[in-house]
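Student: Provided below: model.cif, containing mmCIF, C-alpha atoms and all ligand atoms.
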data_coords
loop_
_atom_site.group_PDB
_atom_site.id
_atom_site.type_symbol
_atom_site.label_atom_id
_atom_site.label_comp_id
_atom_site.auth_asym_id
_atom_site.auth_seq_id
_atom_site.Cartn_x
_atom_site.Cartn_y
_atom_site.Cartn_z
ATOM 1 C CA MET C 1 -103.627 -259.021 121.255
ATOM 2 C CA SER C 2 -100.736 -257.781 123.422
ATOM 3 C CA LEU C 3 -100.092 -255.027 125.895
ATOM 4 C CA ARG C 4 -96.746 -253.514 126.860
ATOM 5 C CA PHE C 5 -96.215 -253.179 130.594
ATOM 6 C CA THR C 6 -93.584 -252.239 133.160
ATOM 7 C CA LYS C 7 -93.198 -254.131 136.433
ATOM 8 C CA MET C 8 -92.340 -251.807 139.333
ATOM 9 C CA HIS C 9 -92.407 -251.791 143.112
ATOM 10 C CA GLY C 10 -92.358 -249.400 146.024
ATOM 11 C CA LEU C 11 -90.901 -251.123 149.112
ATOM 12 C CA GLY C 12 -92.054 -254.497 147.774
ATOM 13 C CA ASN C 13 -95.635 -253.346 147.093
ATOM 14 C CA ASP C 14 -95.580 -254.403 143.445
ATOM 15 C CA PHE C 15 -97.299 -253.052 140.375
ATOM 16 C CA VAL C 16 -97.965 -253.665 136.704
ATOM 17 C CA VAL C 17 -97.908 -250.218 135.096
ATOM 18 C CA LEU C 18 -99.758 -249.624 131.804
ATOM 19 C CA ASP C 19 -99.620 -246.618 129.497
ATOM 20 C CA GLY C 20 -103.148 -245.542 128.618
ATOM 21 C CA THR C 21 -102.095 -242.169 127.220
ATOM 22 C CA ARG C 22 -101.435 -243.403 123.678
ATOM 23 C CA GLU C 23 -104.415 -245.736 123.452
ATOM 24 C CA SER C 24 -107.190 -246.122 125.941
ATOM 25 C CA ILE C 25 -106.998 -249.192 128.191
ATOM 26 C CA THR C 26 -110.169 -250.730 129.518
ATOM 27 C CA LEU C 27 -109.695 -253.623 131.907
ATOM 28 C CA ASP C 28 -112.678 -255.292 133.505
ATOM 29 C CA ALA C 29 -112.289 -256.965 136.901
ATOM 30 C CA GLU C 30 -111.677 -260.373 135.336
ATOM 31 C CA ALA C 31 -108.856 -259.056 133.118
ATOM 32 C CA ALA C 32 -107.300 -257.246 136.089
ATOM 33 C CA ARG C 33 -107.388 -260.433 138.192
ATOM 34 C CA ALA C 34 -105.791 -262.382 135.335
ATOM 35 C CA ILE C 35 -102.904 -259.886 135.006
ATOM 36 C CA ALA C 36 -102.375 -259.782 138.790
ATOM 37 C CA ASP C 37 -102.405 -263.577 139.140
ATOM 38 C CA ARG C 38 -98.953 -264.664 140.366
ATOM 39 C CA HIS C 39 -99.146 -268.073 138.660
ATOM 40 C CA PHE C 40 -101.113 -267.531 135.445
ATOM 41 C CA GLY C 41 -100.411 -263.815 134.864
ATOM 42 C CA ILE C 42 -97.628 -261.297 135.599
ATOM 43 C CA GLY C 43 -98.416 -261.007 139.287
ATOM 44 C CA CYS C 44 -98.828 -257.810 141.292
ATOM 45 C CA ASP C 45 -100.647 -256.210 144.222
ATOM 46 C CA GLN C 46 -102.076 -253.428 142.021
ATOM 47 C CA ILE C 47 -102.339 -252.440 138.357
ATOM 48 C CA LEU C 48 -101.617 -248.760 137.715
ATOM 49 C CA ILE C 49 -102.951 -247.122 134.545
ATOM 50 C CA VAL C 50 -101.478 -243.844 133.301
ATOM 51 C CA GLU C 51 -104.254 -241.925 131.556
ATOM 52 C CA PRO C 52 -104.688 -238.477 129.979
ATOM 53 C CA ALA C 53 -105.536 -235.732 132.505
ATOM 54 C CA ARG C 54 -109.192 -235.073 133.179
ATOM 55 C CA SER C 55 -108.713 -231.523 134.588
ATOM 56 C CA ALA C 56 -107.116 -228.477 132.965
ATOM 57 C CA ASN C 57 -104.395 -228.127 135.649
ATOM 58 C CA ALA C 58 -103.376 -231.808 135.751
ATOM 59 C CA ASP C 59 -100.669 -233.611 133.764
ATOM 60 C CA PHE C 60 -102.108 -237.126 133.849
ATOM 61 C CA GLY C 61 -104.923 -239.273 135.157
ATOM 62 C CA TYR C 62 -104.049 -242.146 137.542
ATOM 63 C CA ARG C 63 -106.225 -245.267 137.904
ATOM 64 C CA ILE C 64 -105.622 -248.040 140.408
ATOM 65 C CA LEU C 65 -106.964 -251.593 140.297
ATOM 66 C CA ASN C 66 -106.395 -254.052 143.142
ATOM 67 C CA SER C 67 -105.369 -257.662 142.450
ATOM 68 C CA ASP C 68 -108.977 -258.778 143.089
ATOM 69 C CA GLY C 69 -110.140 -256.466 140.263
ATOM 70 C CA SER C 70 -111.689 -253.762 142.507
ATOM 71 C CA GLU C 71 -110.830 -250.112 141.930
ATOM 72 C CA SER C 72 -109.273 -247.782 144.523
ATOM 73 C CA GLY C 73 -108.982 -243.992 144.658
ATOM 74 C CA GLN C 74 -105.483 -244.038 146.121
ATOM 75 C CA CYS C 75 -102.161 -245.856 146.084
ATOM 76 C CA GLY C 76 -99.234 -244.049 147.697
ATOM 77 C CA ASN C 77 -96.437 -246.489 146.805
ATOM 78 C CA GLY C 78 -97.903 -246.680 143.312
ATOM 79 C CA ALA C 79 -97.845 -242.884 143.006
ATOM 80 C CA ARG C 80 -94.072 -242.859 143.447
ATOM 81 C CA CYS C 81 -93.725 -245.547 140.756
ATOM 82 C CA PHE C 82 -96.134 -243.559 138.560
ATOM 83 C CA ALA C 83 -93.847 -240.497 138.872
ATOM 84 C CA ARG C 84 -90.783 -242.518 137.869
ATOM 85 C CA TYR C 85 -92.632 -244.247 135.020
ATOM 86 C CA VAL C 86 -93.943 -241.111 133.268
ATOM 87 C CA ARG C 87 -90.488 -239.500 133.334
ATOM 88 C CA GLU C 88 -88.626 -242.616 132.153
ATOM 89 C CA GLN C 89 -91.153 -243.268 129.385
ATOM 90 C CA GLY C 90 -90.615 -239.696 128.132
ATOM 91 C CA LEU C 91 -94.219 -238.729 128.841
ATOM 92 C CA THR C 92 -93.040 -235.650 130.804
ATOM 93 C CA GLU C 93 -89.842 -233.946 131.916
ATOM 94 C CA LYS C 94 -91.474 -232.177 134.844
ATOM 95 C CA ASN C 95 -90.147 -232.666 138.383
ATOM 96 C CA GLU C 96 -93.543 -231.913 139.858
ATOM 97 C CA ILE C 97 -96.544 -233.688 138.368
ATOM 98 C CA VAL C 98 -100.221 -233.150 139.127
ATOM 99 C CA VAL C 99 -102.415 -236.211 138.644
ATOM 100 C CA ASP C 100 -106.176 -236.645 138.676
ATOM 101 C CA VAL C 101 -107.228 -239.587 140.817
ATOM 102 C CA ARG C 102 -110.781 -240.888 141.177
ATOM 103 C CA ASP C 103 -111.807 -238.433 143.907
ATOM 104 C CA GLY C 104 -109.345 -235.540 143.611
ATOM 105 C CA GLN C 105 -105.763 -234.710 142.742
ATOM 106 C CA MET C 106 -102.292 -235.664 143.946
ATOM 107 C CA VAL C 107 -98.953 -233.918 143.469
ATOM 108 C CA LEU C 108 -95.888 -236.094 142.813
ATOM 109 C CA GLU C 109 -92.399 -234.686 143.217
ATOM 110 C CA SER C 110 -89.070 -236.219 142.096
ATOM 111 C CA LEU C 111 -86.291 -236.188 144.688
ATOM 112 C CA ASP C 112 -82.749 -237.558 144.272
ATOM 113 C CA ASP C 113 -81.761 -241.179 143.685
ATOM 114 C CA HIS C 114 -85.154 -242.437 142.464
ATOM 115 C CA HIS C 115 -86.940 -241.249 145.575
ATOM 116 C CA TYR C 116 -90.230 -239.394 145.296
ATOM 117 C CA ARG C 117 -92.456 -237.335 147.570
ATOM 118 C CA VAL C 118 -96.193 -237.581 147.141
ATOM 119 C CA ALA C 119 -98.873 -235.214 148.462
ATOM 120 C CA LEU C 120 -101.673 -237.689 149.158
ATOM 121 C CA GLY C 121 -104.381 -235.164 150.078
ATOM 122 C CA VAL C 122 -105.951 -233.985 153.324
ATOM 123 C CA PRO C 123 -106.907 -236.819 155.694
ATOM 124 C CA VAL C 124 -110.624 -237.038 156.424
ATOM 125 C CA PHE C 125 -111.779 -238.390 159.770
ATOM 126 C CA GLU C 126 -115.329 -239.716 159.988
ATOM 127 C CA PRO C 127 -115.322 -240.254 156.220
ATOM 128 C CA ALA C 128 -118.686 -240.514 154.532
ATOM 129 C CA ASP C 129 -117.929 -243.947 153.096
ATOM 130 C CA ILE C 130 -117.276 -245.369 156.571
ATOM 131 C CA PRO C 131 -120.752 -245.073 158.120
ATOM 132 C CA LEU C 132 -119.698 -246.236 161.565
ATOM 133 C CA SER C 133 -121.959 -244.981 164.283
ATOM 134 C CA GLY C 134 -122.625 -245.614 167.916
ATOM 135 C CA PHE C 135 -118.972 -246.095 168.751
ATOM 136 C CA ASN C 136 -116.772 -244.282 171.218
ATOM 137 C CA THR C 137 -115.286 -241.180 169.614
ATOM 138 C CA ALA C 138 -114.276 -240.063 166.143
ATOM 139 C CA ASP C 139 -110.757 -241.279 166.899
ATOM 140 C CA GLU C 140 -111.478 -244.664 168.334
ATOM 141 C CA TYR C 141 -114.105 -247.074 167.149
ATOM 142 C CA ARG C 142 -114.791 -250.515 168.526
ATOM 143 C CA LEU C 143 -116.242 -253.662 167.029
ATOM 144 C CA ASP C 144 -117.013 -256.624 169.279
ATOM 145 C CA ASP C 145 -117.463 -259.320 166.664
ATOM 146 C CA ILE C 146 -114.124 -259.493 164.849
ATOM 147 C CA ALA C 147 -113.270 -263.191 164.748
ATOM 148 C CA GLY C 148 -114.650 -263.514 168.284
ATOM 149 C CA ARG C 149 -112.672 -260.545 169.598
ATOM 150 C CA THR C 150 -113.169 -256.885 170.439
ATOM 151 C CA VAL C 151 -111.007 -254.728 168.191
ATOM 152 C CA ARG C 152 -110.417 -250.988 168.698
ATOM 153 C CA PHE C 153 -109.251 -248.877 165.801
ATOM 154 C CA ALA C 154 -109.158 -245.402 164.290
ATOM 155 C CA ALA C 155 -110.865 -244.834 160.923
ATOM 156 C CA LEU C 156 -110.003 -242.272 158.280
ATOM 157 C CA ALA C 157 -109.796 -241.717 154.542
ATOM 158 C CA ILE C 158 -106.790 -240.541 152.542
ATOM 159 C CA GLY C 159 -108.320 -240.954 149.107
ATOM 160 C CA ASN C 160 -109.120 -244.517 150.264
ATOM 161 C CA PRO C 161 -110.476 -245.886 153.548
ATOM 162 C CA HIS C 162 -108.250 -247.096 156.396
ATOM 163 C CA ALA C 163 -108.727 -248.628 159.817
ATOM 164 C CA VAL C 164 -105.677 -248.425 162.077
ATOM 165 C CA VAL C 165 -105.315 -250.888 164.951
ATOM 166 C CA ARG C 166 -102.622 -250.138 167.544
ATOM 167 C CA VAL C 167 -100.678 -253.242 168.582
ATOM 168 C CA ASP C 168 -97.828 -253.925 171.024
ATOM 169 C CA ASP C 169 -95.843 -255.987 168.516
ATOM 170 C CA VAL C 170 -96.483 -256.171 164.768
ATOM 171 C CA ASP C 171 -94.598 -259.474 164.568
ATOM 172 C CA THR C 172 -97.215 -261.262 166.658
ATOM 173 C CA ALA C 173 -100.288 -259.252 165.520
ATOM 174 C CA ASP C 174 -102.979 -261.550 164.117
ATOM 175 C CA VAL C 175 -103.033 -259.820 160.731
ATOM 176 C CA ALA C 176 -104.212 -262.958 158.915
ATOM 177 C CA THR C 177 -107.406 -263.208 160.992
ATOM 178 C CA ILE C 178 -108.287 -259.646 162.034
ATOM 179 C CA GLY C 179 -107.251 -258.157 158.659
ATOM 180 C CA PRO C 180 -109.807 -259.918 156.444
ATOM 181 C CA ALA C 181 -112.503 -259.890 159.163
ATOM 182 C CA LEU C 182 -112.295 -256.082 159.483
ATOM 183 C CA GLU C 183 -111.668 -255.493 155.754
ATOM 184 C CA SER C 184 -115.039 -256.967 154.831
ATOM 185 C CA HIS C 185 -117.049 -256.180 157.999
ATOM 186 C CA ALA C 186 -120.566 -254.837 157.425
ATOM 187 C CA ALA C 187 -119.483 -251.553 159.086
ATOM 188 C CA PHE C 188 -117.413 -250.887 155.955
ATOM 189 C CA PRO C 189 -119.697 -251.266 152.928
ATOM 190 C CA ALA C 190 -116.833 -250.165 150.634
ATOM 191 C CA ARG C 191 -114.450 -252.472 152.585
ATOM 192 C CA VAL C 192 -111.338 -251.038 154.245
ATOM 193 C CA ASN C 193 -107.537 -251.288 154.372
ATOM 194 C CA VAL C 194 -106.448 -252.468 157.820
ATOM 195 C CA GLY C 195 -103.165 -251.262 159.354
ATOM 196 C CA PHE C 196 -101.513 -252.767 162.457
ATOM 197 C CA ALA C 197 -99.235 -250.136 163.972
ATOM 198 C CA GLN C 198 -96.638 -250.491 166.720
ATOM 199 C CA LEU C 199 -95.278 -247.323 168.324
ATOM 200 C CA VAL C 200 -91.478 -247.539 168.643
ATOM 201 C CA THR C 201 -90.525 -243.934 169.488
ATOM 202 C CA PRO C 202 -92.296 -240.579 168.845
ATOM 203 C CA GLU C 203 -90.493 -240.509 165.466
ATOM 204 C CA ARG C 204 -90.873 -244.147 164.443
ATOM 205 C CA ILE C 205 -93.536 -246.822 164.010
ATOM 206 C CA ARG C 206 -93.582 -250.365 162.677
ATOM 207 C CA LEU C 207 -96.526 -251.261 160.443
ATOM 208 C CA ARG C 208 -98.145 -254.199 158.653
ATOM 209 C CA VAL C 209 -101.153 -253.659 156.389
ATOM 210 C CA TYR C 210 -103.859 -256.039 155.235
ATOM 211 C CA GLU C 211 -104.916 -254.257 152.065
ATOM 212 C CA ARG C 212 -108.440 -254.125 150.737
ATOM 213 C CA GLY C 213 -108.583 -256.203 147.577
ATOM 214 C CA ALA C 214 -104.992 -257.446 147.816
ATOM 215 C CA GLY C 215 -104.395 -259.078 151.228
ATOM 216 C CA GLU C 216 -101.291 -258.407 153.317
ATOM 217 C CA THR C 217 -98.663 -256.596 151.241
ATOM 218 C CA LEU C 218 -95.009 -255.841 151.959
ATOM 219 C CA ALA C 219 -95.867 -252.140 152.205
ATOM 220 C CA CYS C 220 -98.850 -249.819 151.841
ATOM 221 C CA GLY C 221 -98.068 -246.139 151.316
ATOM 222 C CA SER C 222 -101.501 -244.747 152.107
ATOM 223 C CA GLY C 223 -101.597 -247.154 155.073
ATOM 224 C CA ALA C 224 -98.284 -245.700 156.306
ATOM 225 C CA ALA C 225 -99.752 -242.213 155.996
ATOM 226 C CA ALA C 226 -102.965 -243.264 157.765
ATOM 227 C CA ALA C 227 -101.111 -244.833 160.707
ATOM 228 C CA ALA C 228 -98.778 -241.854 161.088
ATOM 229 C CA VAL C 229 -101.648 -239.346 160.906
ATOM 230 C CA VAL C 230 -103.568 -241.238 163.604
ATOM 231 C CA GLY C 231 -100.513 -241.168 165.902
ATOM 232 C CA ILE C 232 -99.730 -237.497 165.200
ATOM 233 C CA ARG C 233 -103.355 -236.533 165.827
ATOM 234 C CA ALA C 234 -103.310 -238.494 169.098
ATOM 235 C CA GLY C 235 -100.170 -236.614 170.167
ATOM 236 C CA VAL C 236 -98.000 -239.732 170.442
ATOM 237 C CA LEU C 237 -96.032 -239.113 167.222
ATOM 238 C CA ASP C 238 -94.037 -236.148 165.948
ATOM 239 C CA PRO C 239 -95.022 -234.434 162.656
ATOM 240 C CA SER C 240 -92.350 -236.396 160.756
ATOM 241 C CA VAL C 241 -92.564 -240.170 161.163
ATOM 242 C CA THR C 242 -90.353 -243.002 159.903
ATOM 243 C CA VAL C 243 -92.509 -246.010 159.061
ATOM 244 C CA ASP C 244 -90.843 -249.444 158.999
ATOM 245 C CA LEU C 245 -92.802 -251.853 156.827
ATOM 246 C CA PRO C 246 -91.904 -255.466 155.977
ATOM 247 C CA GLY C 247 -90.612 -254.296 152.556
ATOM 248 C CA GLY C 248 -88.639 -251.232 153.734
ATOM 249 C CA THR C 249 -88.934 -247.747 155.156
ATOM 250 C CA ALA C 250 -91.056 -244.749 154.183
ATOM 251 C CA THR C 251 -91.356 -241.281 155.687
ATOM 252 C CA VAL C 252 -94.636 -239.514 156.421
ATOM 253 C CA ASP C 253 -94.939 -235.788 157.162
ATOM 254 C CA TRP C 254 -98.137 -234.160 158.390
ATOM 255 C CA ALA C 255 -98.476 -230.686 159.905
ATOM 256 C CA GLY C 256 -101.924 -231.375 161.358
ATOM 257 C CA HIS C 257 -105.635 -230.778 160.814
ATOM 258 C CA GLY C 258 -106.598 -229.536 157.346
ATOM 259 C CA LYS C 259 -103.089 -230.049 155.918
ATOM 260 C CA GLN C 260 -101.839 -232.327 153.157
ATOM 261 C CA VAL C 261 -100.085 -235.529 154.215
ATOM 262 C CA TYR C 262 -96.801 -236.299 152.432
ATOM 263 C CA LEU C 263 -95.282 -239.718 151.776
ATOM 264 C CA SER C 264 -91.627 -240.135 150.700
ATOM 265 C CA GLY C 265 -89.698 -243.192 149.610
ATOM 266 C CA PRO C 266 -88.162 -245.066 146.694
ATOM 267 C CA ALA C 267 -89.656 -246.348 143.433
ATOM 268 C CA GLU C 268 -88.035 -249.265 141.594
ATOM 269 C CA ARG C 269 -88.394 -250.428 137.999
ATOM 270 C CA VAL C 270 -87.963 -254.211 137.748
ATOM 271 C CA PHE C 271 -88.530 -255.103 134.078
ATOM 272 C CA ASP C 272 -90.513 -254.301 130.934
ATOM 273 C CA GLY C 273 -92.552 -256.881 129.080
ATOM 274 C CA GLU C 274 -95.341 -257.651 126.687
ATOM 275 C CA LEU C 275 -98.443 -259.381 127.918
ATOM 276 C CA LEU C 276 -100.297 -261.721 125.580
ATOM 277 C CA LEU C 277 -103.826 -261.073 126.759
ATOM 278 C CA SER C 278 -105.181 -264.404 125.541
ATOM 279 C CA ASN C 279 -102.691 -266.170 127.853
ATOM 280 C CA THR C 280 -104.141 -264.507 130.935
ATOM 281 C CA SER C 281 -107.577 -266.080 130.772
ATOM 282 C CA ARG C 282 -108.178 -269.334 132.614
HETATM 283 N N1 LIG M 301 -100.839 -250.246 148.162
HETATM 284 C C1 LIG M 301 -101.494 -249.026 148.180
HETATM 285 C C2 LIG M 301 -102.978 -248.965 148.342
HETATM 286 C C3 LIG M 301 -103.691 -249.687 147.194
HETATM 287 C C4 LIG M 301 -105.194 -249.586 147.221
HETATM 288 C C5 LIG M 301 -105.825 -250.206 148.424
HETATM 289 N N2 LIG M 301 -105.625 -251.618 148.509
HETATM 290 C C6 LIG M 301 -107.326 -249.859 148.410
HETATM 291 O O1 LIG M 301 -108.148 -250.686 147.981
HETATM 292 O O2 LIG M 301 -107.660 -248.756 148.813
HETATM 293 C C7 LIG M 301 -100.704 -247.877 148.756
HETATM 294 O O3 LIG M 301 -99.451 -247.929 148.683
HETATM 295 O O4 LIG M 301 -101.285 -246.875 149.196
#
Spit out the file's structure as structure tokens when you get a sec.
Ligand SMILES: N[C@@H](CCC[C@H](N)C(=O)O)C(=O)O
Tutor:
Amino acid sequence: MSLRFTKMHGLGNDFVVLDGTRESITLDAEAARAIADRHFGIGCDQILIVEPARSANADFGYRILNSDGSESGQCGNGARCFARYVREQGLTEKNEIVVDVRDGQMVLESLDDHHYRVALGVPVFEPADIPLSGFNTADEYRLDDIAGRTVRFAALAIGNPHAVVRVDDVDTADVATIGPALESHAAFPARVNVGFAQLVTPERIRLRVYERGAGETLACGSGAAAAAVVGIRAGVLDPSVTVDLPGGTATVDWAGHGKQVYLSGPAERVFDGELLLSNTSR
């Protein structure tokens, strides 16, 4: 059995994109891990599945699987690739696309030169799936047992959960230790994406993200949005923020409490291929 796929990336956060509009695609966690495997499969941070819309006002459904086989409700870099994919595959000619994600909807807009702007949703502080309690304030939590250290962070959801740790220098931040320790800490039963953000100017941050279910990636779009929103809410960032990630630069715009957060940046198509599913099992 074989499956046609397109390999894409957004700022080096890479994806295998599958068309589930013509025939339904069911991938269990083991199959997802096999596809994402960089030695025995195609290799990617996430698998994106284009599905038929579930709501009357949507154009498509959008499913996201991490490289460890877990499912997420959000992928910002993937959403830009999704927008490019559905237009290039002739699935729509629309410039503005509404997609159903696991817990809501997103709006994807085509800009010039293969750039896209994505409305990720309204950020939620004190999200229900992050049952932290007994910490300082809604904006700053603290855990004392992260690899023997005390770590302070903000926590919020943008369709998926994020912890944002402010650091002086992303180059020397201990992402490899603090990232996985916080990602799978008991305080986060659904696990969490962990961003390490360095303030450069009120319009610019540098960011590295240890992603839930994928490890450190070259860029995380929802992580960029989360870090910018935390800084804007704290009054240290302007409403439009340039986010420098290891894989490139994204822009985040947020007008404040109760408003949608927007992520803009490029989407690249790398190649098309056909996956022989029997070759992915080990
Ligand atoms: N790379 C993504 C986020 C993908 C999902 C995330 N790892 C999760 O489990 O929530 C992005 O660009 O937003």
Student: Go through C:Val16, C:Ala58, C:Cys220, C:Val236 and flag the residue nearest ligand LIG 301 (chain M), using all atoms listed in the file for the distances.
Tutor: C:Cys220
Student: Let me make sure I understand: among C:Ala214, C:Val50, C:Ile158, C:Val270, which one has the smallest atom-to-atom distance to ligand LIG 301 (chain M) if we use all atoms listed in the file?
Tutor: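 Between C:Ala214, C:Val50, C:Ile158, C:Val270, the residue approaching ligand LIG 301 (chain M) most closely is C:Ala214.
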Student: Taking a cut-off of 10 Å and counting all atoms listed in the file, can you build a table that, for each residue of chain C near ligand LIG 301 (chain M), reports the nearest atom pair and how far apart they are in Å (one decimal), sorted by chain then residue number, as a Markdown table?
Tutor:
| residue | atom | partner | partner_atom | distance |
| --- | --- | --- | --- | --- |
| C:His9 | CA | M:LIG301 | O3 | 9.8 |
| C:Gly10 | CA | M:LIG301 | O3 | 7.7 |
| C:Leu11 | CA | M:LIG301 | O3 | 9.1 |
| C:Gly12 | CA | M:LIG301 | N1 | 9.8 |
| C:Asn13 | CA | M:LIG301 | N1 | 6.2 |
| C:Asp14 | CA | M:LIG301 | N1 | 8.2 |
| C:Phe15 | CA | M:LIG301 | N1 | 9.0 |
| C:Asp45 | CA | M:LIG301 | N1 | 7.2 |
| C:Gln46 | CA | M:LIG301 | C3 | 6.6 |
| C:Ile47 | CA | M:LIG301 | C3 | 9.4 |
| C:Leu48 | CA | M:LIG301 | C3 | 9.7 |
| C:Ile64 | CA | M:LIG301 | C4 | 7.0 |
| C:Leu65 | CA | M:LIG301 | C4 | 7.4 |
| C:Asn66 | CA | M:LIG301 | N2 | 5.9 |
| C:Ser67 | CA | M:LIG301 | N2 | 8.6 |
| C:Asp68 | CA | M:LIG301 | O1 | 9.5 |
| C:Gly69 | CA | M:LIG301 | O1 | 9.8 |
| C:Ser70 | CA | M:LIG301 | O1 | 7.2 |
| C:Glu71 | CA | M:LIG301 | O1 | 6.6 |
| C:Ser72 | CA | M:LIG301 | O1 | 4.7 |
| C:Gly73 | CA | M:LIG301 | O2 | 6.5 |
| C:Gln74 | CA | M:LIG301 | C4 | 5.7 |
| C:Cys75 | CA | M:LIG301 | O4 | 3.4 |
| C:Gly76 | CA | M:LIG301 | O4 | 3.8 |
| C:Asn77 | CA | M:LIG301 | O3 | 3.8 |
| C:Gly78 | CA | M:LIG301 | O3 | 5.7 |
| C:Ala79 | CA | M:LIG301 | O3 | 7.8 |
| C:Arg80 | CA | M:LIG301 | O3 | 9.1 |
| C:Leu120 | CA | M:LIG301 | O4 | 9.2 |
| C:Ala157 | CA | M:LIG301 | O2 | 9.3 |
| C:Ile158 | CA | M:LIG301 | O4 | 9.0 |
| C:Gly159 | CA | M:LIG301 | O2 | 7.8 |
| C:Asn160 | CA | M:LIG301 | O2 | 4.7 |
| C:Pro161 | CA | M:LIG301 | O2 | 6.2 |
| C:His162 | CA | M:LIG301 | O2 | 7.8 |
| C:Glu183 | CA | M:LIG301 | O1 | 9.8 |
| C:Ala190 | CA | M:LIG301 | O1 | 9.1 |
| C:Arg191 | CA | M:LIG301 | O1 | 8.0 |
| C:Val192 | CA | M:LIG301 | O2 | 6.9 |
| C:Asn193 | CA | M:LIG301 | O2 | 6.1 |
| C:Val194 | CA | M:LIG301 | N2 | 9.4 |
| C:Val209 | CA | M:LIG301 | N1 | 8.9 |
| C:Tyr210 | CA | M:LIG301 | N2 | 8.2 |
| C:Glu211 | CA | M:LIG301 | N2 | 4.5 |
| C:Arg212 | CA | M:LIG301 | N2 | 4.4 |
| C:Gly213 | CA | M:LIG301 | N2 | 5.5 |
| C:Ala214 | CA | M:LIG301 | N2 | 5.9 |
| C:Gly215 | CA | M:LIG301 | N2 | 8.0 |
| C:Glu216 | CA | M:LIG301 | N2 | 9.4 |
| C:Thr217 | CA | M:LIG301 | N1 | 7.4 |
| C:Leu218 | CA | M:LIG301 | N1 | 8.9 |
| C:Ala219 | CA | M:LIG301 | O3 | 6.6 |
| C:Cys220 | CA | M:LIG301 | O3 | 3.7 |
| C:Gly221 | CA | M:LIG301 | O3 | 3.5 |
| C:Ser222 | CA | M:LIG301 | O4 | 3.6 |
| C:Gly223 | CA | M:LIG301 | O4 | 5.9 |
| C:Ala224 | CA | M:LIG301 | O4 | 7.8 |
| C:Ala225 | CA | M:LIG301 | O4 | 8.4 |
| C:Ala226 | CA | M:LIG301 | O4 | 9.4 |
| C:Leu263 | CA | M:LIG301 | O4 | 9.7 |
Student: Write a file of the just-selected residues containing C-alpha atoms, as an mmCIF file, in the coordinates of the input.
Tutor:
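part-v7.cif was written with the following content:
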data_model
loop_
_atom_site.group_PDB
_atom_site.id
_atom_site.type_symbol
_atom_site.label_atom_id
_atom_site.label_comp_id
_atom_site.auth_asym_id
_atom_site.auth_seq_id
_atom_site.Cartn_x
_atom_site.Cartn_y
_atom_site.Cartn_z
ATOM 1 C CA HIS C 9 -92.407 -251.791 143.112
ATOM 2 C CA GLY C 10 -92.358 -249.400 146.024
ATOM 3 C CA LEU C 11 -90.901 -251.123 149.112
ATOM 4 C CA GLY C 12 -92.054 -254.497 147.774
ATOM 5 C CA ASN C 13 -95.635 -253.346 147.093
ATOM 6 C CA ASP C 14 -95.580 -254.403 143.445
ATOM 7 C CA PHE C 15 -97.299 -253.052 140.375
ATOM 8 C CA ASP C 45 -100.647 -256.210 144.222
ATOM 9 C CA GLN C 46 -102.076 -253.428 142.021
ATOM 10 C CA ILE C 47 -102.339 -252.440 138.357
ATOM 11 C CA LEU C 48 -101.617 -248.760 137.715
ATOM 12 C CA ILE C 64 -105.622 -248.040 140.408
ATOM 13 C CA LEU C 65 -106.964 -251.593 140.297
ATOM 14 C CA ASN C 66 -106.395 -254.052 143.142
ATOM 15 C CA SER C 67 -105.369 -257.662 142.450
ATOM 16 C CA ASP C 68 -108.977 -258.778 143.089
ATOM 17 C CA GLY C 69 -110.140 -256.466 140.263
ATOM 18 C CA SER C 70 -111.689 -253.762 142.507
ATOM 19 C CA GLU C 71 -110.830 -250.112 141.930
ATOM 20 C CA SER C 72 -109.273 -247.782 144.523
ATOM 21 C CA GLY C 73 -108.982 -243.992 144.658
ATOM 22 C CA GLN C 74 -105.483 -244.038 146.121
ATOM 23 C CA CYS C 75 -102.161 -245.856 146.084
ATOM 24 C CA GLY C 76 -99.234 -244.049 147.697
ATOM 25 C CA ASN C 77 -96.437 -246.489 146.805
ATOM 26 C CA GLY C 78 -97.903 -246.680 143.312
ATOM 27 C CA ALA C 79 -97.845 -242.884 143.006
ATOM 28 C CA ARG C 80 -94.072 -242.859 143.447
ATOM 29 C CA LEU C 120 -101.673 -237.689 149.158
ATOM 30 C CA ALA C 157 -109.796 -241.717 154.542
ATOM 31 C CA ILE C 158 -106.790 -240.541 152.542
ATOM 32 C CA GLY C 159 -108.320 -240.954 149.107
ATOM 33 C CA ASN C 160 -109.120 -244.517 150.264
ATOM 34 C CA PRO C 161 -110.476 -245.886 153.548
ATOM 35 C CA HIS C 162 -108.250 -247.096 156.396
ATOM 36 C CA GLU C 183 -111.668 -255.493 155.754
ATOM 37 C CA ALA C 190 -116.833 -250.165 150.634
ATOM 38 C CA ARG C 191 -114.450 -252.472 152.585
ATOM 39 C CA VAL C 192 -111.338 -251.038 154.245
ATOM 40 C CA ASN C 193 -107.537 -251.288 154.372
ATOM 41 C CA VAL C 194 -106.448 -252.468 157.820
ATOM 42 C CA VAL C 209 -101.153 -253.659 156.389
ATOM 43 C CA TYR C 210 -103.859 -256.039 155.235
ATOM 44 C CA GLU C 211 -104.916 -254.257 152.065
ATOM 45 C CA ARG C 212 -108.440 -254.125 150.737
ATOM 46 C CA GLY C 213 -108.583 -256.203 147.577
ATOM 47 C CA ALA C 214 -104.992 -257.446 147.816
ATOM 48 C CA GLY C 215 -104.395 -259.078 151.228
ATOM 49 C CA GLU C 216 -101.291 -258.407 153.317
ATOM 50 C CA THR C 217 -98.663 -256.596 151.241
ATOM 51 C CA LEU C 218 -95.009 -255.841 151.959
ATOM 52 C CA ALA C 219 -95.867 -252.140 152.205
ATOM 53 C CA CYS C 220 -98.850 -249.819 151.841
ATOM 54 C CA GLY C 221 -98.068 -246.139 151.316
ATOM 55 C CA SER C 222 -101.501 -244.747 152.107
ATOM 56 C CA GLY C 223 -101.597 -247.154 155.073
ATOM 57 C CA ALA C 224 -98.284 -245.700 156.306
ATOM 58 C CA ALA C 225 -99.752 -242.213 155.996
ATOM 59 C CA ALA C 226 -102.965 -243.264 157.765
ATOM 60 C CA LEU C 263 -95.282 -239.718 151.776
#
